[in-house]
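K.L.:
Compact mmCIF, C-alpha atoms, file start_13.txt:
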# COMPACT_ATOMS: atom_id res chain seq x y z
CA MET A 72 -19.20 -9.59 -25.58
CA ARG A 73 -16.26 -10.20 -27.90
CA TYR A 74 -14.04 -8.59 -25.29
CA LEU A 75 -15.31 -11.04 -22.68
CA LYS A 76 -14.53 -13.93 -25.02
CA LYS A 77 -10.93 -12.74 -25.32
CA VAL A 78 -10.63 -12.43 -21.55
CA LEU A 79 -11.94 -15.96 -21.11
CA ALA A 80 -9.60 -17.29 -23.82
CA ILE A 81 -6.62 -16.12 -21.74
CA THR A 82 -8.10 -17.58 -18.57
CA VAL A 83 -8.77 -20.92 -20.26
CA LYS A 84 -5.20 -20.95 -21.60
CA ASP A 85 -3.83 -20.60 -18.07
CA LEU A 86 -6.23 -23.18 -16.65
CA LEU A 87 -5.35 -25.70 -19.40
CA LEU A 88 -1.66 -25.13 -18.85
CA GLU A 89 -2.14 -25.74 -15.14
CA ALA A 90 -4.29 -28.82 -15.78
CA HIS A 91 -1.43 -30.30 -17.83
CA THR A 92 1.55 -29.33 -15.69
CA LYS A 93 -0.15 -29.45 -12.26
CA GLU A 94 2.73 -27.53 -10.73
CA LEU A 95 1.34 -24.31 -9.31
CA THR A 96 -1.85 -25.12 -7.39
CA PRO A 97 -0.47 -28.14 -5.48
CA ALA A 98 2.58 -26.10 -4.49
CA MET A 99 0.39 -23.21 -3.30
CA LEU A 100 -1.81 -25.62 -1.37
CA VAL A 101 1.06 -27.35 0.39
CA PHE A 102 2.55 -23.97 1.23
CA SER A 103 -0.76 -22.76 2.66
CA LEU A 104 -1.07 -25.88 4.81
CA ILE A 105 2.50 -25.54 6.04
CA VAL A 106 1.81 -21.96 7.14
CA ILE A 107 -1.23 -23.16 9.09
CA VAL A 108 0.77 -25.96 10.74
CA ILE A 109 3.66 -23.66 11.61
CA PHE A 110 1.35 -21.16 13.26
CA ASN A 111 -0.13 -23.97 15.29
CA PHE A 112 3.18 -24.20 17.18
CA SER A 113 2.64 -20.74 18.65
CA PHE A 114 -0.42 -21.96 20.57
CA GLU A 115 -0.71 -23.59 23.93
CA PRO A 116 -3.04 -26.58 23.88
CA GLY A 117 -6.53 -25.67 25.02
CA MET A 118 -5.85 -21.98 24.75
CA GLN A 119 -8.88 -19.92 25.80
CA ASN A 120 -8.94 -17.36 23.01
CA ALA A 121 -7.65 -19.48 20.13
CA ASP A 122 -10.70 -18.55 18.05
CA ILE A 123 -9.54 -14.92 18.06
CA ILE A 124 -6.28 -15.90 16.37
CA THR A 125 -7.38 -18.66 13.99
CA PRO A 126 -9.04 -16.43 11.32
CA GLY A 127 -5.80 -14.46 11.07
CA ILE A 128 -3.77 -17.62 10.51
CA LEU A 129 -6.10 -18.73 7.76
CA TRP A 130 -5.82 -15.43 5.92
CA ILE A 131 -2.07 -15.13 6.32
CA ALA A 132 -1.82 -18.58 4.75
CA PHE A 133 -4.00 -17.47 1.80
CA VAL A 134 -2.11 -14.23 1.32
CA PHE A 135 1.27 -15.99 1.27
CA ALA A 136 0.06 -18.72 -1.05
CA GLY A 137 -1.64 -16.19 -3.32
CA MET A 138 1.46 -14.05 -3.57
CA LEU A 139 3.55 -17.01 -4.71
CA GLY A 140 0.92 -17.88 -7.29
CA PHE A 141 0.74 -14.36 -8.72
CA ALA A 142 4.50 -14.15 -9.04
CA ARG A 143 4.55 -17.45 -10.97
CA SER A 144 1.72 -16.43 -13.30
CA PHE A 145 3.97 -13.84 -14.96
CA ALA A 146 7.32 -15.47 -14.33
CA LYS A 147 6.31 -18.48 -16.42
CA GLU A 148 5.33 -16.22 -19.34
CA HIS A 149 8.75 -14.60 -19.20
CA GLU A 150 10.64 -17.89 -18.95
CA GLN A 151 9.03 -19.21 -22.11
CA GLU A 152 9.03 -15.77 -23.75
CA SER A 153 5.35 -16.34 -24.38
CA ILE A 154 4.64 -12.88 -22.98
CA ARG A 155 5.59 -11.50 -26.41
CA GLY A 156 2.92 -13.62 -28.04
CA LEU A 157 0.35 -12.49 -25.50
CA MET A 158 1.19 -8.84 -26.07
CA LEU A 159 1.11 -9.22 -29.85
CA ALA A 160 -2.33 -10.79 -29.69
CA PRO A 161 -4.98 -8.45 -31.13
CA VAL A 162 -6.56 -7.72 -27.76
CA ASP A 163 -6.53 -4.74 -25.47
CA HIS A 164 -3.90 -5.26 -22.79
CA SER A 165 -6.56 -4.90 -20.12
CA ALA A 166 -8.04 -8.18 -21.42
CA ILE A 167 -4.74 -9.89 -20.58
CA TYR A 168 -5.00 -8.41 -17.10
CA LEU A 169 -8.57 -9.57 -16.55
CA GLY A 170 -7.83 -13.01 -17.99
CA LYS A 171 -4.83 -13.46 -15.72
CA THR A 172 -6.78 -12.15 -12.74
CA LEU A 173 -9.54 -14.66 -13.39
CA SER A 174 -7.19 -17.62 -13.68
CA ASN A 175 -5.35 -16.56 -10.51
CA LEU A 176 -8.72 -16.28 -8.82
CA VAL A 177 -9.62 -19.84 -9.78
CA PHE A 178 -6.27 -21.17 -8.51
CA LEU A 179 -6.57 -19.33 -5.21
CA PHE A 180 -10.19 -20.42 -4.71
CA CYS A 181 -9.11 -24.07 -5.09
CA VAL A 182 -6.34 -23.58 -2.53
CA GLU A 183 -8.68 -21.76 -0.15
CA ILE A 184 -11.44 -24.36 -0.25
CA ILE A 185 -9.13 -27.29 0.47
CA SER A 186 -7.20 -25.31 3.11
CA VAL A 187 -10.42 -24.44 4.94
CA LEU A 188 -11.47 -28.10 5.06
CA VAL A 189 -8.10 -29.21 6.44
CA PHE A 190 -8.08 -26.24 8.79
CA GLY A 191 -11.47 -27.33 10.19
CA ILE A 192 -10.01 -30.74 11.00
CA PHE A 193 -6.80 -29.37 12.55
CA PHE A 194 -8.53 -26.81 14.76
CA ASN A 195 -11.62 -28.87 15.46
CA ILE A 196 -14.06 -26.47 13.89
CA ASN A 197 -17.22 -27.89 12.32
CA ILE A 198 -17.12 -26.30 8.86
CA PHE A 199 -20.39 -27.60 7.42
CA PRO A 200 -22.94 -25.35 9.20
CA ILE A 201 -20.95 -22.23 8.31
CA ILE A 202 -20.30 -23.00 4.63
CA PRO A 203 -22.56 -20.14 3.35
CA GLY A 204 -20.82 -17.57 5.53
CA LEU A 205 -17.38 -18.80 4.50
CA ALA A 206 -18.41 -18.78 0.85
CA VAL A 207 -19.41 -15.11 1.17
CA VAL A 208 -16.17 -14.02 2.82
CA LEU A 209 -13.95 -16.01 0.45
CA GLY A 210 -15.97 -14.83 -2.53
CA LEU A 211 -15.76 -11.15 -1.57
CA ALA A 212 -12.28 -10.88 -0.09
CA THR A 213 -10.35 -12.90 -2.67
CA PRO A 214 -11.12 -10.90 -5.88
CA GLY A 215 -9.75 -7.59 -4.57
CA PHE A 216 -6.62 -9.28 -3.29
CA VAL A 217 -6.12 -11.12 -6.59
CA ALA A 218 -6.79 -7.95 -8.62
CA VAL A 219 -4.06 -6.00 -6.80
CA GLY A 220 -1.76 -9.01 -6.64
CA THR A 221 -1.94 -9.66 -10.39
CA LEU A 222 -1.24 -6.00 -11.18
CA TYR A 223 1.75 -5.88 -8.82
CA ALA A 224 3.09 -9.23 -10.01
CA ALA A 225 3.09 -7.91 -13.58
CA MET A 226 5.16 -4.94 -12.40
CA ALA A 227 7.59 -7.03 -10.41
CA ALA A 228 7.94 -9.69 -13.13
CA ASN A 229 11.37 -8.63 -14.31
CA ILE A 230 12.88 -6.23 -11.85
CA ARG A 231 15.77 -6.93 -9.51
CA LEU A 232 14.90 -8.28 -6.04
CA ARG A 233 11.39 -9.15 -7.22
CA GLU A 234 11.00 -11.96 -4.68
CA ILE A 235 11.39 -9.44 -1.86
CA LEU A 236 9.87 -6.40 -3.48
CA LEU A 237 6.58 -8.04 -4.44
CA PRO A 238 5.49 -8.68 -0.83
CA VAL A 239 6.97 -5.38 0.36
CA LEU A 240 4.89 -3.50 -2.19
CA LEU A 241 1.80 -5.69 -2.06
CA PHE A 242 1.16 -6.28 1.65
CA PRO A 243 0.60 -2.66 2.75
CA ILE A 244 -1.90 -2.18 -0.08
CA ILE A 245 -4.00 -5.19 0.88
CA VAL A 246 -4.19 -4.31 4.59
CA PRO A 247 -7.89 -3.31 4.32
CA VAL A 248 -8.83 -6.64 2.70
CA LEU A 249 -6.89 -8.56 5.32
CA ILE A 250 -8.54 -6.74 8.24
CA ALA A 251 -12.04 -7.08 6.78
CA ALA A 252 -11.58 -10.76 5.86
CA VAL A 253 -10.22 -11.64 9.31
CA LYS A 254 -13.09 -9.79 11.03
CA ILE A 255 -15.78 -11.45 8.91
CA THR A 256 -14.22 -14.91 9.20
CA GLY A 257 -14.02 -14.54 12.97
CA SER A 258 -17.66 -13.59 13.12
CA VAL A 259 -18.61 -16.55 10.88
CA PHE A 260 -16.65 -18.96 13.12
CA LYS A 261 -18.61 -17.68 16.12
CA GLY A 262 -21.85 -18.43 14.27
CA GLN A 263 -22.98 -14.81 14.12
CA PRO A 264 -25.18 -13.70 11.19
CA LEU A 265 -23.51 -11.87 8.30
CA SER A 266 -25.68 -8.80 8.92
CA ASP A 267 -23.46 -8.12 11.97
CA VAL A 268 -20.54 -7.43 9.66
CA SER A 269 -22.35 -5.70 6.79
CA GLY A 270 -19.99 -2.70 7.08
CA TRP A 271 -16.99 -4.92 6.41
CA LEU A 272 -18.76 -6.60 3.49
CA ASN A 273 -19.45 -3.18 1.96
CA LEU A 274 -15.81 -2.26 2.42
CA LEU A 275 -14.75 -5.39 0.53
CA VAL A 276 -17.17 -4.67 -2.31
CA ALA A 277 -15.85 -1.10 -2.58
CA TYR A 278 -12.24 -2.31 -2.48
CA ASN A 279 -12.88 -4.88 -5.21
CA GLY A 280 -14.53 -2.28 -7.43
CA ILE A 281 -11.84 0.36 -6.94
CA PHE A 282 -8.86 -1.89 -7.50
CA ILE A 283 -10.25 -3.78 -10.47
CA VAL A 284 -10.75 -0.37 -12.13
CA VAL A 285 -7.23 0.75 -11.13
CA GLY A 286 -5.85 -2.51 -12.55
CA VAL A 287 -7.72 -2.28 -15.84
CA LEU A 288 -6.69 1.36 -16.33
CA THR A 289 -3.00 1.01 -15.45
CA PHE A 290 -2.08 -2.51 -16.58
CA GLU A 291 -1.03 -1.46 -20.07
CA TYR A 292 1.70 0.73 -18.54
CA VAL A 293 3.28 -2.01 -16.45
CA ILE A 294 3.22 -5.00 -18.80
CA GLU A 295 6.48 -5.49 -20.62
CA GLU A 296 8.11 -8.09 -22.81
CA MET B 275 18.60 30.22 -15.27
CA LYS B 276 19.55 33.29 -13.25
CA LYS B 277 15.94 34.06 -12.32
CA ILE B 278 15.25 30.62 -10.88
CA ASP B 279 18.42 30.85 -8.78
CA ILE B 280 17.15 34.07 -7.24
CA ALA B 281 13.72 32.51 -6.64
CA VAL B 282 15.27 29.52 -4.85
CA PHE B 283 17.42 31.84 -2.74
CA VAL B 284 14.47 34.06 -1.77
CA LEU B 285 12.31 31.05 -0.94
CA GLY B 286 15.15 29.68 1.21
CA ILE B 287 15.42 32.93 3.17
CA LEU B 288 11.63 33.08 3.62
CA THR B 289 11.56 29.46 4.83
CA PHE B 290 14.36 30.14 7.29
CA LEU B 291 12.55 33.17 8.72
CA ALA B 292 9.19 31.34 8.89
CA ILE B 293 10.63 28.29 10.63
CA SER B 294 12.49 30.56 13.10
CA LEU B 295 9.22 32.36 13.82
CA SER B 296 7.42 29.03 14.39
CA LEU B 297 10.17 27.91 16.77
CA TYR B 298 9.90 31.17 18.71
CA MET B 299 6.10 30.93 18.87
CA ALA B 300 6.07 27.27 19.83
CA PHE B 301 8.65 27.50 22.61
CA ILE B 302 8.34 31.04 23.97
CA TYR B 303 5.10 32.69 22.82
CA THR B 304 2.65 29.90 23.72
CA PRO B 305 1.93 29.10 27.38
CA LEU B 306 2.88 25.74 28.89
CA GLU B 307 0.04 23.25 28.61
CA LYS B 308 -1.48 22.58 32.04
CA THR B 309 -1.60 18.77 32.20
CA MET B 310 1.00 17.65 29.67
CA GLY B 311 3.62 20.32 30.18
CA ALA B 312 6.48 20.77 27.76
CA VAL B 313 5.87 17.62 25.71
CA GLN B 314 2.73 19.22 24.27
CA LYS B 315 5.04 21.52 22.26
CA ILE B 316 5.68 18.59 19.92
CA PHE B 317 2.15 19.09 18.69
CA TYR B 318 3.17 22.30 16.84
CA PHE B 319 5.57 20.24 14.71
CA HIS B 320 3.83 16.88 14.67
CA LEU B 321 0.66 18.13 12.99
CA PRO B 322 2.43 20.20 10.28
CA LEU B 323 4.72 17.24 9.56
CA ALA B 324 1.71 14.98 9.09
CA TRP B 325 0.08 17.54 6.81
CA ILE B 326 3.24 17.75 4.69
CA GLY B 327 3.37 13.96 4.59
CA PHE B 328 -0.10 13.76 3.08
CA LEU B 329 0.51 16.71 0.76
CA ALA B 330 3.75 15.14 -0.49
CA PHE B 331 2.07 11.81 -1.21
CA PHE B 332 -0.77 13.59 -2.98
CA ILE B 333 1.86 15.24 -5.22
CA VAL B 334 3.32 11.75 -5.89
CA PHE B 335 -0.15 10.66 -7.02
CA LEU B 336 -0.62 13.77 -9.14
CA GLY B 337 2.84 13.44 -10.71
CA GLY B 338 2.06 9.79 -11.52
CA VAL B 339 -1.22 10.64 -13.22
CA LEU B 340 0.35 13.49 -15.21
CA TYR B 341 3.25 11.25 -16.27
CA LEU B 342 0.93 8.53 -17.55
CA ILE B 343 -1.12 11.11 -19.48
CA THR B 344 1.73 13.18 -20.95
CA GLY B 345 4.65 10.75 -20.91
CA SER B 346 6.94 13.61 -19.91
CA ILE B 347 9.73 12.49 -17.57
CA LYS B 348 9.61 15.76 -15.63
CA TRP B 349 6.40 14.63 -13.90
CA ASP B 350 8.13 11.44 -12.80
CA ASN B 351 10.94 13.57 -11.44
CA LEU B 352 8.40 15.64 -9.49
CA ALA B 353 6.70 12.52 -8.08
CA TYR B 354 10.03 10.95 -7.07
CA SER B 355 11.24 14.15 -5.39
CA SER B 356 7.99 14.47 -3.48
CA ALA B 357 8.05 10.80 -2.42
CA GLU B 358 11.53 11.21 -0.93
CA ILE B 359 10.49 14.28 1.05
CA GLY B 360 7.22 12.61 2.07
CA VAL B 361 9.02 9.56 3.46
CA ILE B 362 11.35 11.77 5.54
CA PHE B 363 8.45 13.83 6.89
CA SER B 364 6.26 10.82 7.68
CA THR B 365 9.20 9.18 9.46
CA LEU B 366 9.41 12.32 11.59
CA VAL B 367 5.65 12.14 12.20
CA LEU B 368 6.04 8.61 13.57
CA VAL B 369 9.03 9.60 15.70
CA THR B 370 7.48 12.76 17.16
CA GLY B 371 4.20 10.89 17.71
CA SER B 372 6.02 8.16 19.62
CA ILE B 373 7.79 10.66 21.87
CA TRP B 374 4.50 12.38 22.62
CA ALA B 375 2.71 9.07 23.21
CA LYS B 376 5.34 7.92 25.70
CA ARG B 377 4.63 10.96 27.86
CA ALA B 378 0.86 11.24 27.33
CA TRP B 379 -0.24 7.60 27.04
CA ASN B 380 2.81 6.05 28.72
CA THR B 381 3.60 3.85 25.73
CA TRP B 382 5.81 4.32 22.68
CA TRP B 383 3.24 2.87 20.39
CA THR B 384 -0.46 2.18 20.30
CA TRP B 385 -2.51 0.74 17.45
CA ASP B 386 -4.59 3.86 17.17
CA PRO B 387 -6.19 4.41 13.71
CA ARG B 388 -4.19 7.52 12.88
CA LEU B 389 -0.87 6.03 13.95
CA THR B 390 -1.49 2.76 12.17
CA THR B 391 -2.60 4.47 8.96
CA MET B 392 0.53 6.60 9.01
CA LEU B 393 2.67 3.49 9.47
CA ILE B 394 1.02 1.69 6.53
CA LEU B 395 1.40 4.84 4.43
CA TRP B 396 5.07 5.00 5.36
CA MET B 397 5.54 1.36 4.31
CA ILE B 398 3.85 1.94 0.94
CA TYR B 399 6.21 4.77 0.07
CA VAL B 400 9.34 3.13 1.46
CA GLY B 401 8.45 0.28 -0.90
CA TYR B 402 8.05 2.84 -3.68
CA LEU B 403 11.58 4.15 -3.13
CA MET B 404 13.04 0.63 -2.89
CA MET B 405 11.35 -0.37 -6.11
CA ARG B 406 12.82 2.65 -7.90
CA ASN B 407 16.31 1.51 -6.93
CA ALA B 408 15.65 -1.91 -8.44
CA ILE B 409 14.87 -0.68 -11.98
CA ASP B 410 17.46 0.87 -14.29
CA ASN B 411 15.37 1.59 -17.38
CA VAL B 412 14.18 5.19 -16.94
CA GLU B 413 10.90 4.85 -18.78
CA ARG B 414 9.91 1.57 -17.20
CA ARG B 415 10.79 2.88 -13.75
CA ALA B 416 8.64 5.96 -14.33
CA LYS B 417 5.64 3.91 -15.43
CA ILE B 418 5.78 1.46 -12.55
CA SER B 419 6.37 4.28 -10.06
CA ALA B 420 3.35 6.12 -11.39
CA VAL B 421 1.11 3.07 -10.98
CA ILE B 422 2.39 2.40 -7.43
CA GLY B 423 1.96 6.08 -6.54
CA ILE B 424 -1.63 6.00 -7.81
CA ALA B 425 -2.60 2.66 -6.22
CA GLY B 426 -0.93 3.67 -2.93
CA PHE B 427 -2.74 6.97 -2.68
CA VAL B 428 -6.14 5.50 -3.63
CA ASP B 429 -5.60 2.93 -0.89
CA VAL B 430 -5.05 5.48 1.91
CA PRO B 431 -8.72 6.34 2.66
CA ILE B 432 -9.70 2.65 2.58
CA VAL B 433 -6.87 1.76 4.95
CA PHE B 434 -7.92 4.51 7.32
CA MET B 435 -11.58 3.44 7.28
CA ALA B 436 -10.71 -0.22 7.80
CA ILE B 437 -8.36 0.52 10.69
CA ARG B 438 -10.84 2.89 12.34
CA TRP B 439 -13.61 0.25 12.28
CA TRP B 440 -11.20 -2.41 13.43
CA ARG B 441 -10.35 -0.32 16.47
CA THR B 442 -13.77 1.08 17.32
CA MET B 443 -14.97 -2.49 17.79
CA HIS B 444 -12.65 -2.60 20.78
CA PRO B 445 -13.84 -0.64 23.83
CA LEU B 446 -10.22 0.04 24.86
CA LEU B 447 -9.83 2.93 22.42
CA ILE B 448 -7.87 5.86 23.74
CA THR B 449 -10.22 8.79 23.52
CA SER B 450 -9.39 11.71 21.26
CA LYS B 451 -6.91 14.29 22.43
CA GLY B 452 -9.90 16.63 22.76
CA MET B 453 -8.33 19.73 24.24
CA GLY B 454 -9.62 23.23 23.67
CA LEU B 455 -6.73 25.13 22.16
CA ALA B 456 -5.97 28.57 23.53
CA PRO B 457 -5.97 31.31 20.83
CA SER B 458 -2.20 31.71 21.02
CA MET B 459 -1.77 27.96 20.51
CA LEU B 460 -4.04 27.99 17.48
CA THR B 461 -2.16 30.93 15.93
CA THR B 462 1.13 29.14 16.51
CA LEU B 463 -0.25 26.00 14.89
CA PHE B 464 -1.25 27.92 11.77
CA VAL B 465 2.07 29.74 11.55
CA SER B 466 3.81 26.40 11.91
CA LEU B 467 1.63 24.83 9.19
CA ALA B 468 2.42 27.68 6.82
CA SER B 469 6.15 27.63 7.50
CA PHE B 470 6.40 23.87 7.08
CA THR B 471 4.55 24.16 3.77
CA LEU B 472 7.20 26.70 2.72
CA LEU B 473 9.90 24.27 3.80
CA TYR B 474 8.29 21.52 1.72
CA LEU B 475 8.13 23.75 -1.36
CA TYR B 476 11.75 24.77 -0.88
CA LEU B 477 12.97 21.18 -0.51
CA LEU B 478 10.84 20.07 -3.46
CA LEU B 479 12.22 22.81 -5.68
CA ILE B 480 15.82 21.90 -4.82
CA ARG B 481 15.18 18.19 -5.24
CA VAL B 482 13.42 18.63 -8.59
CA ARG B 483 16.34 20.71 -9.87
CA LEU B 484 18.76 18.05 -8.69
CA GLY B 485 16.71 15.40 -10.52
CA LEU B 486 16.76 17.47 -13.72
CA ALA B 487 20.53 17.89 -13.41
CA VAL B 488 20.96 14.13 -12.98
CA ASN B 489 18.85 13.51 -16.10
CA THR B 490 20.93 16.00 -18.10
CA ALA B 491 24.16 14.41 -16.88
CA GLU B 492 22.89 10.96 -17.96
CA GLU B 493 22.02 12.29 -21.41
CA ILE B 494 25.44 13.87 -21.81
CA LYS B 495 27.09 10.61 -20.75
CA ILE B 496 25.11 8.68 -23.37
CA ARG B 497 25.92 11.24 -26.05
CA LEU B 498 29.63 11.11 -25.19
CA SER B 499 29.77 7.33 -25.24
CA ASP B 500 28.08 7.40 -28.67
CA LYS B 501 30.86 9.63 -29.97
CA LEU B 502 33.67 7.45 -28.64
Please render this file's structure as structure tokens.
P.N.:
Amino acid sequence: MRYLKKVLAITVKDLLLEAHTKELTPAMLVFSLIVIVIFNFSFEPGMQNADIITPGILWIAFVFAGMLGFARSFAKEHEQESIRGLMLAPVDHSAIYLGKTLSNLVFLFCVEIISVLVFGIFFNINIFPIIPGLAVVLGLATPGFVAVGTLYAAMAANIRLREILLPVLLFPIIVPVLIAAVKITGSVFKGQPLSDVSGWLNLLVAYNGIFIVVGVLTFEYVIEE
Amino acid sequence: MKKIDIAVFVLGILTFLAISLSLYMAFIYTPLEKTMGAVQKIFYFHLPLAWIGFLAFFIVFLGGVLYLITGSIKWDNLAYSSAEIGVIFSTLVLVTGSIWAKRAWNTWWTWDPRLTTMLILWMIYVGYLMMRNAIDNVERRAKISAVIGIAGFVDVPIVFMAIRWWRTMHPLLITSKGMGLAPSMLTTLFVSLASFTLLYLYLLLIRVRLGLAVNTAEEIKIRLSDKL
């Protein structure tokens, strides 16, 4: 219980900081929208199988936006040298990891929700009947991605070439999440029930569990002043 | 020091003989496959290469775990050596697979689950090697490498499952190679597997020794610069 309080204290710190500066989430959102718009240029108008491609566009936008957010979440601690304070705090380092993961999760959820609404308008998809399905896929696919992303961002925080190495290291690892999320989203867009994709949902749950454990166990080795 | 030199030499000779035997068996001893002809011979090297790829990446995982537990740099050296060999072997798996696929499926590449998993695996460990080049601090590099080696290896079964499901939802899947192997082919395959395992061990041993020598040289350099 006290551990949870410490985790939440770190999350709240990040959320407050973001509420004051308002620099990260708007940037991630605009980036996500730009990715969606850019991909739109690769379509012919009235393309027959556009609905096969659209879920992929949505998730590529989220993955790109998320990656930028994760990188910032540690870069800003290093710029202000506040990472030293965090590490000196009388908490287990895994609490820092979970706190950061939670705040990144909140940021990415905000970006995802607004992106999906705008996406519905751009691609003429009626979002409102499929909100429950979308909530399930966003809710299950995002945590695993954020858990791995936060761990890898902590590693890449102060190595050379980090801007390039973070995606190079991160993207292959999150391939299962990406495939599952695209499959489920496609099925939701077609109005099929979630029971059709229960295998993919199980895969996401397993992935989330495995990589949150990996993150908690290994984070103390990769965090550095 | 003398004993290990002899061991490396003997292992080298054994590997040479075993690989020569596999070559003889693959190209002369086994009959020509009826439908695919000569290109089927790739199979005797492709499968052992893939096996060594997985074995090498498992050793990377193991070395990472042991490093994090013990903190001894020799385990990092083992993991790094194995990752280098694994990347070379999995590159060869992709190349030999492509050559075979061009003849058998008439395409250089297909998004078959096994191929795709191998490609993702290859990318994970190429990233691993690139990351190592980007960090100078020995201890920090070892820690991060260990975590990437662990996360990468844990990811492999999930990647394979995800890609298999992704493909099986499409009816266009190329059916399995399902061919009954003649006894001589099976023997050759096992000989080839054994000799490639020997080759892996030989390369690993040499590479680990090289890594140790590099570490020693670094230490000597530091000690000398302290004296100056």
K.L.:
Near chain A, which residues of chain B fall within 8 Å when you count all atoms listed in the file, and what do they look like as an mmCIF file with C-alpha atoms, keeping the file's coordinate frame?
P.N.:
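Produced file iface-v5.cif, reproduced below:
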data_model
loop_
_atom_site.group_PDB
_atom_site.id
_atom_site.type_symbol
_atom_site.label_atom_id
_atom_site.label_comp_id
_atom_site.auth_asym_id
_atom_site.auth_seq_id
_atom_site.Cartn_x
_atom_site.Cartn_y
_atom_site.Cartn_z
ATOM 1 C CA LEU B 342 0.930 8.530 -17.550
ATOM 2 C CA ILE B 394 1.020 1.690 6.530
ATOM 3 C CA LEU B 395 1.400 4.840 4.430
ATOM 4 C CA MET B 397 5.540 1.360 4.310
ATOM 5 C CA ILE B 398 3.850 1.940 0.940
ATOM 6 C CA GLY B 401 8.450 0.280 -0.900
ATOM 7 C CA TYR B 402 8.050 2.840 -3.680
ATOM 8 C CA MET B 404 13.040 0.630 -2.890
ATOM 9 C CA MET B 405 11.350 -0.370 -6.110
ATOM 10 C CA ALA B 408 15.650 -1.910 -8.440
ATOM 11 C CA ILE B 409 14.870 -0.680 -11.980
ATOM 12 C CA ARG B 414 9.910 1.570 -17.200
ATOM 13 C CA LYS B 417 5.640 3.910 -15.430
ATOM 14 C CA ILE B 418 5.780 1.460 -12.550
ATOM 15 C CA VAL B 421 1.110 3.070 -10.980
ATOM 16 C CA ALA B 425 -2.600 2.660 -6.220
ATOM 17 C CA GLY B 426 -0.930 3.670 -2.930
ATOM 18 C CA ASP B 429 -5.600 2.930 -0.890
ATOM 19 C CA ILE B 432 -9.700 2.650 2.580
ATOM 20 C CA VAL B 433 -6.870 1.760 4.950
ATOM 21 C CA ALA B 436 -10.710 -0.220 7.800
ATOM 22 C CA ILE B 437 -8.360 0.520 10.690
ATOM 23 C CA TRP B 440 -11.200 -2.410 13.430
#
K.L.:
For B:Ala312, work out the shell of residues within 12 Å, counting all atoms listed in the file and skipping chain neighbours fewer than 5 positions away, then give it as number ranges by chain.
P.N.:
B: 300-302, 304-307, 317-318, 373-374, 377-378
K.L.:
Could you please give me, as JSON, numbers by chain, the residues of protein, DNA or RNA lying at most 12 Å from (-3.8, 27.5, 30.2) in the coordinate frame of the file, considering all atoms listed in the file?
P.N.:
{"B": [304, 305, 306, 307, 308, 309, 310, 311, 453, 454, 455, 456, 457, 458, 459]}
K.L.:
Record the distance separating atom CA of A:Ile167 and atom CA of A:Ala224, expressed in Å with one decimal.
P.N.:
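Value for the atom CA of A:Ile167-atom CA of A:Ala224 distance: 13.2 Å.
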K.L.:
Counting only C-alpha atoms, which of B:Leu498, B:Val284, B:Ile316, B:Ile326 gets nearest to B:Ala468?
P.N.:
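Nearest candidate to B:Ala468 out of B:Leu498, B:Val284, B:Ile316, B:Ile326: B:Ile326.
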K.L.:
I'd like the neighbourhood of B:Leu297 as a ChimeraX atom specification, where a residue qualifies if any of its atoms comes within 10 Å (using only C-alpha atoms), though same-chain residues fewer than 3 positions away should be ignored.
P.N.:
/B:291-294,300-303,315,318-319,462,465-466
K.L.:
I want to know what sits within 12 Å of A:Phe199, based on all atoms listed in the file, with residues of the same chain fewer than 4 positions away left out; could you give that as a list in words?
P.N.:
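Here the answer would be Val187, Leu188, Gly191, Ile192, Asn195, Pro203, Gly204, Leu205, Ala206, Val259, Phe260 and Gly262 of chain A.
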K.L.:
Stretch 487-497 of chain B: which residues within 12 Å, counting all atoms listed in the file, same-chain residues fewer than 6 positions away excluded, as a list in words?
P.N.:
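The residues that qualify are Ile347, Lys348, Asp350, Asn351, Val412, Ile480 and Arg481 of chain B.
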K.L.:
Atom CA of B:Gly337 and atom CA of B:His320, how far apart in Å?
P.N.:
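Distance reported for this atom pair: 25.6 Å.
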K.L.:
Mind pulling up the distance from atom CA of B:Leu477 to atom CA of B:Ala330?
P.N.:
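For atom CA of B:Ala330 relative to atom CA of B:Leu477, the distance reads 11.0 Å.
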K.L.:
Counting only C-alpha atoms, figure out which residue out of B:Lys376, B:Val339, B:Pro322, B:Leu502 gets nearest to B:Ser296.
P.N.:
B:Pro322
K.L.:
Between B:Ile333, B:Ala324, B:Leu393, B:Leu472, which residue has the minimum interatomic distance to B:Val367, considering all atoms listed in the file?
P.N.:
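Among the listed residues, B:Ala324 lies closest to B:Val367.
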